[in-house]
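**Q** This is input_10.txt (compact mmCIF, C-alpha atoms).
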```txt
# COMPACT_ATOMS: atom_id res chain seq x y z
CA MET Z 251 78.98 101.28 99.89
CA THR Z 252 79.09 98.98 102.87
CA ALA Z 253 79.76 95.33 103.74
CA ALA Z 254 82.73 93.39 102.41
CA LEU Z 255 85.04 94.72 99.72
CA GLU Z 256 85.94 91.84 97.43
CA PRO Z 257 89.64 91.61 96.48
CA ASP Z 258 88.82 91.00 92.80
CA LEU Z 259 86.66 94.12 92.74
CA LEU Z 260 89.50 96.07 94.33
CA LEU Z 261 91.96 94.89 91.67
CA ARG Z 262 89.53 95.81 88.89
CA ALA Z 263 89.14 99.26 90.42
CA TYR Z 264 92.91 99.87 90.49
CA ALA Z 265 93.13 98.70 86.87
CA MET Z 266 90.56 101.41 86.01
CA GLY Z 267 92.43 104.10 87.93
CA VAL Z 268 90.13 104.38 90.96
CA PHE Z 269 90.69 103.47 94.60
CA PRO Z 270 88.61 103.31 97.80
CA MET Z 271 88.69 105.63 100.80
CA ALA Z 272 86.68 106.07 104.00
CA ASP Z 273 85.95 109.15 106.08
CA ASP Z 274 87.11 107.56 109.33
CA ARG Z 275 88.75 104.44 110.72
CA HIS Z 276 85.46 103.25 112.25
CA ASP Z 277 83.20 104.28 109.38
CA GLU Z 278 82.04 101.14 107.54
CA THR Z 279 81.22 103.10 104.38
CA ILE Z 280 83.69 103.49 101.52
CA TYR Z 281 83.64 105.68 98.41
CA TRP Z 282 85.60 105.50 95.17
CA VAL Z 283 88.09 108.18 94.20
CA GLU Z 284 89.51 109.15 90.80
CA PRO Z 285 91.54 112.36 91.19
CA LYS Z 286 91.55 114.93 88.38
CA LYS Z 287 95.25 115.40 89.11
CA ARG Z 288 97.26 112.29 89.95
CA ALA Z 289 100.57 112.17 91.80
CA ILE Z 290 103.16 109.72 90.52
CA LEU Z 291 106.82 109.28 91.33
CA PRO Z 292 108.83 108.63 88.15
CA LEU Z 293 111.18 105.79 89.02
CA ASP Z 294 114.06 107.56 87.30
CA GLY Z 295 113.21 110.82 89.05
CA PHE Z 296 113.51 109.86 92.72
CA HIS Z 297 115.28 112.68 94.58
CA LEU Z 298 118.13 111.18 96.55
CA SER Z 299 119.16 114.15 98.67
CA ARG Z 300 122.49 114.49 100.46
CA SER Z 301 120.81 114.02 103.82
CA LEU Z 302 119.03 110.86 102.67
CA ARG Z 303 122.28 109.49 101.24
CA LYS Z 304 123.90 110.15 104.60
CA THR Z 305 121.06 108.39 106.42
CA LEU Z 306 121.29 105.34 104.14
CA LYS Z 307 125.08 105.17 104.58
CA SER Z 308 124.85 105.50 108.35
CA GLY Z 309 123.42 102.03 108.88
CA ARG Z 310 120.92 103.51 111.33
CA PHE Z 311 118.03 101.65 109.66
CA GLU Z 312 117.40 98.27 108.11
CA THR Z 313 114.45 97.61 105.83
CA SER Z 314 112.52 94.54 104.73
CA LEU Z 315 109.73 93.43 102.42
CA ASN Z 316 106.53 91.83 103.75
CA ARG Z 317 107.95 91.01 107.16
CA ALA Z 318 105.24 92.86 109.12
CA PHE Z 319 102.41 93.65 106.71
CA PRO Z 320 99.54 93.86 109.27
CA GLN Z 321 101.65 96.02 111.58
CA VAL Z 322 102.44 98.42 108.74
CA ILE Z 323 98.75 98.86 107.94
CA HIS Z 324 98.07 99.54 111.62
CA GLY Z 325 100.90 102.07 111.68
CA CYS Z 326 99.48 103.82 108.62
CA ALA Z 327 95.99 103.87 110.14
CA ALA Z 328 97.09 105.11 113.57
CA PRO Z 329 96.52 108.78 114.48
CA ALA Z 330 99.52 111.08 114.16
CA ALA Z 331 100.26 114.69 115.03
CA ASP Z 332 99.65 115.81 111.44
CA ARG Z 333 96.89 113.26 110.79
CA PRO Z 334 94.34 112.78 113.57
CA GLY Z 335 92.11 110.58 111.39
CA THR Z 336 92.58 107.99 108.67
CA TRP Z 337 90.90 106.90 105.44
CA ILE Z 338 91.85 103.25 106.09
CA ASN Z 339 88.76 101.68 107.66
CA HIS Z 340 88.35 98.03 108.61
CA VAL Z 341 86.61 97.19 105.32
CA ILE Z 342 89.61 98.41 103.30
CA GLU Z 343 92.09 96.82 105.71
CA THR Z 344 90.41 93.40 105.42
CA ALA Z 345 90.40 93.53 101.62
CA VAL Z 346 94.05 94.59 101.47
CA LEU Z 347 95.06 91.79 103.84
CA GLN Z 348 93.38 89.37 101.44
CA LEU Z 349 95.29 90.89 98.54
CA HIS Z 350 98.49 90.46 100.54
CA ALA Z 351 97.72 86.75 100.97
CA ARG Z 352 97.31 86.53 97.20
CA GLY Z 353 100.62 88.30 96.50
CA HIS Z 354 99.17 91.60 95.27
CA ALA Z 355 99.77 93.76 98.36
CA HIS Z 356 103.21 94.43 99.81
CA SER Z 357 104.81 96.32 102.66
CA ILE Z 358 108.23 97.85 103.14
CA GLU Z 359 109.27 98.03 106.80
CA THR Z 360 111.89 100.29 108.36
CA TRP Z 361 113.56 98.94 111.51
CA GLN Z 362 115.79 100.62 114.10
CA ASP Z 363 117.40 98.48 116.79
CA GLY Z 364 114.85 95.75 116.08
CA GLU Z 365 111.84 98.06 116.42
CA LEU Z 366 109.41 98.90 113.61
CA VAL Z 367 109.72 102.68 113.21
CA GLY Z 368 108.22 103.28 109.77
CA GLY Z 369 107.02 101.78 106.57
CA LEU Z 370 104.62 101.85 103.66
CA TYR Z 371 102.30 99.51 101.82
CA GLY Z 372 100.69 99.31 98.41
CA ILE Z 373 99.21 97.15 95.68
CA SER Z 374 101.09 95.62 92.74
CA LEU Z 375 99.34 94.85 89.47
CA GLY Z 376 101.17 94.26 86.22
CA ARG Z 377 104.11 96.68 86.14
CA ALA Z 378 102.29 99.23 88.30
CA PHE Z 379 102.62 99.75 92.04
CA PHE Z 380 99.88 101.73 93.77
CA GLY Z 381 101.34 103.30 96.89
CA GLU Z 382 98.63 103.49 99.53
CA SER Z 383 100.04 104.97 102.72
CA MET Z 384 103.18 105.40 104.80
CA PHE Z 385 104.02 106.18 108.41
CA SER Z 386 107.06 107.24 110.40
CA ARG Z 387 107.96 107.11 114.08
CA ALA Z 388 111.58 108.18 113.60
CA THR Z 389 113.18 110.90 111.49
CA ASP Z 390 113.63 109.76 107.87
CA ALA Z 391 112.05 106.33 108.48
CA SER Z 392 109.39 106.76 105.79
CA LYS Z 393 111.92 108.28 103.35
CA VAL Z 394 114.14 105.23 103.78
CA ALA Z 395 111.14 102.95 103.14
CA LEU Z 396 110.29 104.86 99.96
CA ALA Z 397 113.91 104.70 98.79
CA HIS Z 398 113.81 100.92 99.31
CA LEU Z 399 110.55 100.69 97.36
CA VAL Z 400 111.92 102.70 94.42
CA ALA Z 401 115.08 100.55 94.31
CA ARG Z 402 112.95 97.40 94.38
CA LEU Z 403 110.58 98.62 91.65
CA ARG Z 404 113.48 99.63 89.42
CA ALA Z 405 115.15 96.25 89.84
CA GLY Z 406 111.84 94.47 89.21
CA GLY Z 407 110.97 96.11 85.90
CA PHE Z 408 108.05 98.25 87.10
CA ASP Z 409 106.94 101.24 85.03
CA LEU Z 410 104.58 103.17 87.31
CA LEU Z 411 104.60 104.23 90.96
CA ASP Z 412 101.23 105.79 91.76
CA CYS Z 413 101.18 108.09 94.80
CA GLN Z 414 97.51 109.12 94.47
CA PHE Z 415 97.66 112.69 95.87
CA GLN Z 416 100.57 115.13 95.83
CA THR Z 417 101.97 116.25 99.19
CA PRO Z 418 104.97 118.45 100.07
CA HIS Z 419 106.71 115.35 101.47
CA LEU Z 420 106.26 113.38 98.24
CA LYS Z 421 107.13 116.39 96.07
CA SER Z 422 110.44 116.76 97.91
CA LEU Z 423 111.23 113.16 96.94
CA GLY Z 424 110.49 113.65 93.25
CA ALA Z 425 106.74 113.10 92.89
CA ILE Z 426 104.95 115.04 90.15
CA GLU Z 427 101.31 115.73 89.29
CA ILE Z 428 99.87 114.64 85.94
CA THR Z 429 96.43 114.85 84.35
CA LYS Z 430 93.88 112.06 84.57
CA ALA Z 431 94.29 111.43 80.84
CA ASP Z 432 98.08 111.17 81.13
CA TYR Z 433 97.75 108.84 84.09
CA SER Z 434 95.28 106.64 82.23
CA GLY Z 435 97.76 106.23 79.38
CA ARG Z 436 100.62 105.36 81.70
CA LEU Z 437 98.46 102.94 83.65
CA GLY Z 438 97.33 101.21 80.47
CA ALA Z 439 100.94 100.77 79.35
CA ALA Z 440 101.97 99.39 82.76
CA LEU Z 441 99.15 96.84 82.67
CA SER Z 442 99.68 95.88 79.04
CA THR Z 443 100.43 92.24 78.24
CA SER Z 444 101.10 92.85 74.55
CA ALA Z 445 104.03 91.28 72.75
CA GLY Z 446 105.86 94.58 72.85
CA SER Z 447 105.87 94.71 76.64
CA ALA Z 448 109.10 93.89 78.45
CA SER Z 449 107.20 91.75 80.96
CA ALA Z 450 103.57 91.26 81.89
CA SER Z 451 104.29 91.77 85.60
CA GLY Z 452 106.94 93.42 87.71
CA ASP Z 453 109.01 91.27 90.06
CA MET Z 454 108.98 92.44 93.68
CA LEU Z 455 111.81 90.01 94.52
CA ALA Z 456 114.28 90.90 91.76
CA LEU Z 457 116.33 93.03 94.17
CA ASP Z 458 116.82 89.98 96.39
CA ALA Z 459 117.88 87.83 93.44
CA ALA Z 460 120.52 90.46 92.68
CA GLU Z 461 121.86 89.81 96.18
CA ASP Z 462 122.25 86.11 95.34
CA ARG Z 463 119.29 85.09 97.48
CA PRO Z 464 117.09 82.16 96.40
CA GLU Z 465 114.71 83.21 93.64
CA ALA Z 466 110.98 83.12 94.30
CA SER Z 467 107.84 84.09 92.46
CA SER Z 468 106.66 87.70 92.87
CA ARG Z 469 103.17 86.23 93.26
CA THR Z 470 103.98 85.20 96.82
CA THR Z 471 104.23 87.09 100.08
CA THR Z 472 107.77 85.85 100.61
CA VAL Z 473 109.53 87.79 103.35
CA SER Z 474 112.66 89.58 102.23
CA GLY Z 475 115.43 91.15 104.18
CA PRO Z 476 116.97 92.63 105.97
CA THR Z 477 118.12 95.06 103.30
CA SER Z 478 120.80 97.51 104.35
CA GLY Z 479 120.90 101.19 103.54
CA TRP Z 480 124.10 100.56 101.61
CA ARG Z 481 122.32 98.04 99.36
CA ILE Z 482 119.47 100.48 98.68
CA LEU Z 483 121.91 103.28 97.89
CA GLN Z 484 123.88 101.01 95.58
CA ALA Z 485 120.73 99.96 93.70
CA LEU Z 486 119.55 103.54 93.31
CA THR Z 487 122.86 104.90 92.07
CA GLN Z 488 123.45 101.97 89.72
CA THR Z 489 120.20 102.65 87.90
CA SER Z 490 120.23 106.47 88.03
```
Can I see the file as structure tokens?
**A**
Amino acid sequence: MTAALEPDLLLRAYAMGVFPMADDRHDETIYWVEPKKRAILPLDGFHLSRSLRKTLKSGRFETSLNRAFPQVIHGCAAPAADRPGTWINHVIETAVLQLHARGHAHSIETWQDGELVGGLYGISLGRAFFGESMFSRATDASKVALAHLVARLRAGGFDLLDCQFQTPHLKSLGAIEITKADYSGRLGAALSTSAGSASASGDMLALDAAEDRPEASSRTTTVSGPTSGWRILQALTQTS
């Protein structure tokens, strides 16, 4: 498939459990993926190791929400020692930037001494968050970003954190693999708008409201932060 990737089509695909990939950054073709085994990170199963606790307490990093979304995508798409290529081509990047403008795509940034050293981005729909990619230019920078994301999703009433494919890095942080059928059931529940649902949509800004910041709709790309490691640690341990 070539040409533009419409944001509405992309949202419908995520709601069905599929997502786009490309073979290379400069390849204009995309294909749709629906893994037989799906990696998810249960929000109550995040592994907060001693070393990560120490990093969060140290104050070495600050994190934010949506402060540098385009830069995070570029960081995720850039070659790395363990990843010479990328699946994020310009077609996918353009569509995700449009979703960000509509409040459906979000980034978590990790900063050290004012420099962007890591982060992640993903798509929010209903009470599901589809984690797309992460990058790190400093030890533990991506782990800190993921810890921030988990704290934010817990505070915001999300039910599902989709990680797509299992990796040793994600497994060490608590990610598990489930069957396609199990994933489909969890996804359906997270997207449900029935009367029995706690809320039709998760709130990406609930963590900020807990810090007595002005409330804003989660359907915006409002910039949040900075959020300290202490605040992330507090949110994670309060809800463990």
**Q** Enter the distance from CA of Arg481 (chain Z) to CA of Arg317 (chain Z), in Å, rounded to one decimal.
**A**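 These two atoms are separated by 17.8 Å.
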**Q** When distances are computed from all atoms listed in the file, which of Z:Thr429, Z:Thr417, Z:Ser442, Z:Asn316 shows the smallest separation from Gly369 (chain Z)?
**A**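 Looking at the shortest contact to Gly369 (chain Z), the residue is Z:Asn316.
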**Q** Between Z:Gly325, Z:Gly479, Z:Gly381, Z:Gly452, which one has atoms that come closest to Phe408 (chain Z), using only C-alpha atoms?
**A**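 With only C-alpha atoms as the atom set, the closest residue is Z:Gly452.
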**Q** What lies within 9 Å of Pro257 (chain Z) using only C-alpha atoms, ignoring chain neighbours under 4 positions off, as a list in words?
**A**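 That gives Leu261, Arg262, Ala345, Val346, Gln348 and Leu349 of chain Z.
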**Q** Residues of region 374-466 of chain Z that have any atom at most 12 Å from an atom of region 335-344 of chain Z: could you tabulate them with the shortest-distance atom pair and the distance in Å to one decimal, using all atoms listed in the file, ordered by chain and increasing number, as CSV?
**A**
```
residue,atom,partner,partner_atom,distance
Z:Glu382,CA,Z:Ile338,CA,9.4
Z:Ser383,CA,Z:Ile338,CA,9.0
Z:Met384,CA,Z:Thr336,CA,11.6
Z:Phe385,CA,Z:Thr336,CA,11.6
```
**Q** Could you name the residues that touch Leu370 (chain Z) at 12 Å or less, counting only C-alpha atoms, but leaving out those on the same chain fewer than 2 positions away, as a VMD selection string?
**A** chain Z and resid 313 to 327 355 to 360 366 to 368 372 to 373 379 to 386 391 to 400 413
**Q** Those same residues - C-alpha atoms - I'd like them written as a CSV table (one decimal), in the frame of the given file.
**A**
```csv
chain,number,residue,atom,x,y,z
Z,313,THR,CA,114.4,97.6,105.8
Z,314,SER,CA,112.5,94.5,104.7
Z,315,LEU,CA,109.7,93.4,102.4
Z,316,ASN,CA,106.5,91.8,103.8
Z,317,ARG,CA,108.0,91.0,107.2
Z,318,ALA,CA,105.2,92.9,109.1
Z,319,PHE,CA,102.4,93.6,106.7
Z,320,PRO,CA,99.5,93.9,109.3
Z,321,GLN,CA,101.6,96.0,111.6
Z,322,VAL,CA,102.4,98.4,108.7
Z,323,ILE,CA,98.8,98.9,107.9
Z,324,HIS,CA,98.1,99.5,111.6
Z,325,GLY,CA,100.9,102.1,111.7
Z,326,CYS,CA,99.5,103.8,108.6
Z,327,ALA,CA,96.0,103.9,110.1
Z,355,ALA,CA,99.8,93.8,98.4
Z,356,HIS,CA,103.2,94.4,99.8
Z,357,SER,CA,104.8,96.3,102.7
Z,358,ILE,CA,108.2,97.8,103.1
Z,359,GLU,CA,109.3,98.0,106.8
Z,360,THR,CA,111.9,100.3,108.4
Z,366,LEU,CA,109.4,98.9,113.6
Z,367,VAL,CA,109.7,102.7,113.2
Z,368,GLY,CA,108.2,103.3,109.8
Z,372,GLY,CA,100.7,99.3,98.4
Z,373,ILE,CA,99.2,97.2,95.7
Z,379,PHE,CA,102.6,99.8,92.0
Z,380,PHE,CA,99.9,101.7,93.8
Z,381,GLY,CA,101.3,103.3,96.9
Z,382,GLU,CA,98.6,103.5,99.5
Z,383,SER,CA,100.0,105.0,102.7
Z,384,MET,CA,103.2,105.4,104.8
Z,385,PHE,CA,104.0,106.2,108.4
Z,386,SER,CA,107.1,107.2,110.4
Z,391,ALA,CA,112.0,106.3,108.5
Z,392,SER,CA,109.4,106.8,105.8
Z,393,LYS,CA,111.9,108.3,103.4
Z,394,VAL,CA,114.1,105.2,103.8
Z,395,ALA,CA,111.1,103.0,103.1
Z,396,LEU,CA,110.3,104.9,100.0
Z,397,ALA,CA,113.9,104.7,98.8
Z,398,HIS,CA,113.8,100.9,99.3
Z,399,LEU,CA,110.6,100.7,97.4
Z,400,VAL,CA,111.9,102.7,94.4
Z,413,CYS,CA,101.2,108.1,94.8
```
**Q** Show which residues sit within 6 Å of Gln362 (chain Z), as a list in words. Count only C-alpha atoms, and ignore same-chain residues fewer than 2 positions away.
**A**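 Counting only C-alpha atoms, the residues come to Phe311, Gly364 and Glu365 of chain Z.
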**Q** Restricting the calculation to only C-alpha atoms: of Z:Ala440, Z:Ala330, Z:Leu410, Z:Leu293, which residue gets closest to Gly424 (chain Z)?
**A** Z:Leu293
**Q** What are the centre and edge lengths in Å, to one decimal, of the axis-aligned box around all listed atoms of region 317-332 of chain Z with 3 Å added on each side, as JSON?
**A**
```
{"center_x": 102.0, "center_y": 103.4, "center_z": 110.9, "size_x": 18.0, "size_y": 30.8, "size_z": 14.3}
```
**Q** Expressed in Å to a single decimal, how great is the separation between CA of Asp458 (chain Z) and CA of Ser478 (chain Z)?
**A**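 If I compute the distance from CA of Asp458 (chain Z) to CA of Ser478 (chain Z), I get 11.7 Å.
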**Q** Counting all atoms listed in the file, which of Z:Arg436, Z:Gln414, Z:Arg387, Z:Asp294 gets nearest to Ala401 (chain Z)?
**A**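 Once distances to Ala401 (chain Z) are computed over all atoms listed in the file, the minimum belongs to Z:Asp294.
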**Q** If I take CA of Ala289 (chain Z) and CA of Tyr433 (chain Z), how far is one from the other in Å, to one decimal?
**A**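 Atom-to-atom, CA of Ala289 (chain Z) and CA of Tyr433 (chain Z) are spaced 8.9 Å apart.
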**Q** For Leu457 (chain Z), list every protein, DNA or RNA residue within 9 Å, evaluated using all atoms listed in the file, and leave out those in the same chain fewer than 5 positions away; present the list as a list in words.
**A** Ala401, Arg402, Leu403, Arg404, Ala405, Gly406 and Ala485 of chain Z
**Q** I want to know what sits within 12 Å of Thr443 (chain Z), based on only C-alpha atoms, with residues of the same chain fewer than 6 positions away left out; could you give that as a VMD selection string?
**A** chain Z and resid 375 to 377 449 to 452
**Q** Would you mind completing region 391-421 of chain Z so that it carries N, CA and C atoms, and writing it out as an mmCIF file, in the frame of the given file?
**A**
```
data_model
loop_
_atom_site.group_PDB
_atom_site.id
_atom_site.type_symbol
_atom_site.label_atom_id
_atom_site.label_comp_id
_atom_site.auth_asym_id
_atom_site.auth_seq_id
_atom_site.Cartn_x
_atom_site.Cartn_y
_atom_site.Cartn_z
ATOM 1 N N ALA Z 391 112.432 107.745 108.605
ATOM 2 C CA ALA Z 391 112.050 106.330 108.480
ATOM 3 C C ALA Z 391 111.184 106.078 107.253
ATOM 4 N N SER Z 392 110.232 106.966 106.961
ATOM 5 C CA SER Z 392 109.390 106.760 105.790
ATOM 6 C C SER Z 392 110.153 107.051 104.505
ATOM 7 N N LYS Z 393 111.090 107.997 104.535
ATOM 8 C CA LYS Z 393 111.920 108.280 103.350
ATOM 9 C C LYS Z 393 112.778 107.070 102.999
ATOM 10 N N VAL Z 394 113.319 106.430 104.012
ATOM 11 C CA VAL Z 394 114.140 105.230 103.780
ATOM 12 C C VAL Z 394 113.273 104.120 103.193
ATOM 13 N N ALA Z 395 112.045 103.965 103.691
ATOM 14 C CA ALA Z 395 111.140 102.950 103.140
ATOM 15 C C ALA Z 395 110.827 103.238 101.680
ATOM 16 N N LEU Z 396 110.594 104.514 101.339
ATOM 17 C CA LEU Z 396 110.290 104.860 99.960
ATOM 18 C C LEU Z 396 111.509 104.642 99.063
ATOM 19 N N ALA Z 397 112.695 104.960 99.566
ATOM 20 C CA ALA Z 397 113.910 104.700 98.790
ATOM 21 C C ALA Z 397 114.057 103.211 98.503
ATOM 22 N N HIS Z 398 113.771 102.375 99.497
ATOM 23 C CA HIS Z 398 113.810 100.920 99.310
ATOM 24 C C HIS Z 398 112.797 100.510 98.252
ATOM 25 N N LEU Z 399 111.582 101.046 98.329
ATOM 26 C CA LEU Z 399 110.550 100.690 97.360
ATOM 27 C C LEU Z 399 110.991 101.061 95.941
ATOM 28 N N VAL Z 400 111.499 102.268 95.752
ATOM 29 C CA VAL Z 400 111.920 102.700 94.420
ATOM 30 C C VAL Z 400 113.027 101.783 93.882
ATOM 31 N N ALA Z 401 114.002 101.455 94.731
ATOM 32 C CA ALA Z 401 115.080 100.550 94.310
ATOM 33 C C ALA Z 401 114.511 99.196 93.907
ATOM 34 N N ARG Z 402 113.551 98.703 94.659
ATOM 35 C CA ARG Z 402 112.950 97.400 94.380
ATOM 36 C C ARG Z 402 112.130 97.427 93.089
ATOM 37 N N LEU Z 403 111.386 98.512 92.868
ATOM 38 C CA LEU Z 403 110.580 98.620 91.650
ATOM 39 C C LEU Z 403 111.464 98.762 90.422
ATOM 40 N N ARG Z 404 112.538 99.508 90.539
ATOM 41 C CA ARG Z 404 113.480 99.630 89.420
ATOM 42 C C ARG Z 404 114.071 98.271 89.064
ATOM 43 N N ALA Z 405 114.525 97.559 90.072
ATOM 44 C CA ALA Z 405 115.150 96.250 89.840
ATOM 45 C C ALA Z 405 114.145 95.268 89.267
ATOM 46 N N GLY Z 406 112.857 95.433 89.610
ATOM 47 C CA GLY Z 406 111.840 94.470 89.210
ATOM 48 C C GLY Z 406 111.128 94.777 87.915
ATOM 49 N N GLY Z 407 111.556 95.826 87.197
ATOM 50 C CA GLY Z 407 110.970 96.110 85.900
ATOM 51 C C GLY Z 407 109.616 96.798 85.943
ATOM 52 N N PHE Z 408 109.306 97.496 87.019
ATOM 53 C CA PHE Z 408 108.050 98.250 87.100
ATOM 54 C C PHE Z 408 108.155 99.535 86.291
ATOM 55 N N ASP Z 409 107.002 100.018 85.834
ATOM 56 C CA ASP Z 409 106.940 101.240 85.030
ATOM 57 C C ASP Z 409 106.286 102.412 85.741
ATOM 58 N N LEU Z 410 105.404 102.114 86.712
ATOM 59 C CA LEU Z 410 104.580 103.170 87.310
ATOM 60 C C LEU Z 410 104.527 103.033 88.815
ATOM 61 N N LEU Z 411 104.805 104.141 89.513
ATOM 62 C CA LEU Z 411 104.600 104.230 90.960
ATOM 63 C C LEU Z 411 103.567 105.318 91.210
ATOM 64 N N ASP Z 412 102.357 104.890 91.523
ATOM 65 C CA ASP Z 412 101.230 105.790 91.760
ATOM 66 C C ASP Z 412 101.249 106.233 93.222
ATOM 67 N N CYS Z 413 101.194 107.549 93.437
ATOM 68 C CA CYS Z 413 101.180 108.090 94.800
ATOM 69 C C CYS Z 413 99.825 108.712 95.157
ATOM 70 N N GLN Z 414 98.869 108.621 94.270
ATOM 71 C CA GLN Z 414 97.510 109.120 94.470
ATOM 72 C C GLN Z 414 97.455 110.640 94.535
ATOM 73 N N PHE Z 415 97.755 111.244 95.698
ATOM 74 C CA PHE Z 415 97.660 112.690 95.870
ATOM 75 C C PHE Z 415 99.042 113.284 96.152
ATOM 76 N N GLN Z 416 99.300 114.450 95.581
ATOM 77 C CA GLN Z 416 100.570 115.130 95.830
ATOM 78 C C GLN Z 416 100.598 115.730 97.238
ATOM 79 N N THR Z 417 101.740 115.613 97.894
ATOM 80 C CA THR Z 417 101.970 116.250 99.190
ATOM 81 C C THR Z 417 103.352 116.892 99.156
ATOM 82 N N PRO Z 418 103.618 117.859 100.034
ATOM 83 C CA PRO Z 418 104.970 118.450 100.070
ATOM 84 C C PRO Z 418 106.046 117.399 100.323
ATOM 85 N N HIS Z 419 105.744 116.406 101.164
ATOM 86 C CA HIS Z 419 106.710 115.350 101.470
ATOM 87 C C HIS Z 419 107.048 114.557 100.213
ATOM 88 N N LEU Z 420 106.022 114.144 99.462
ATOM 89 C CA LEU Z 420 106.260 113.380 98.240
ATOM 90 C C LEU Z 420 106.927 114.233 97.165
ATOM 91 N N LYS Z 421 106.524 115.493 97.063
ATOM 92 C CA LYS Z 421 107.130 116.390 96.070
ATOM 93 C C LYS Z 421 108.619 116.542 96.317
#
```
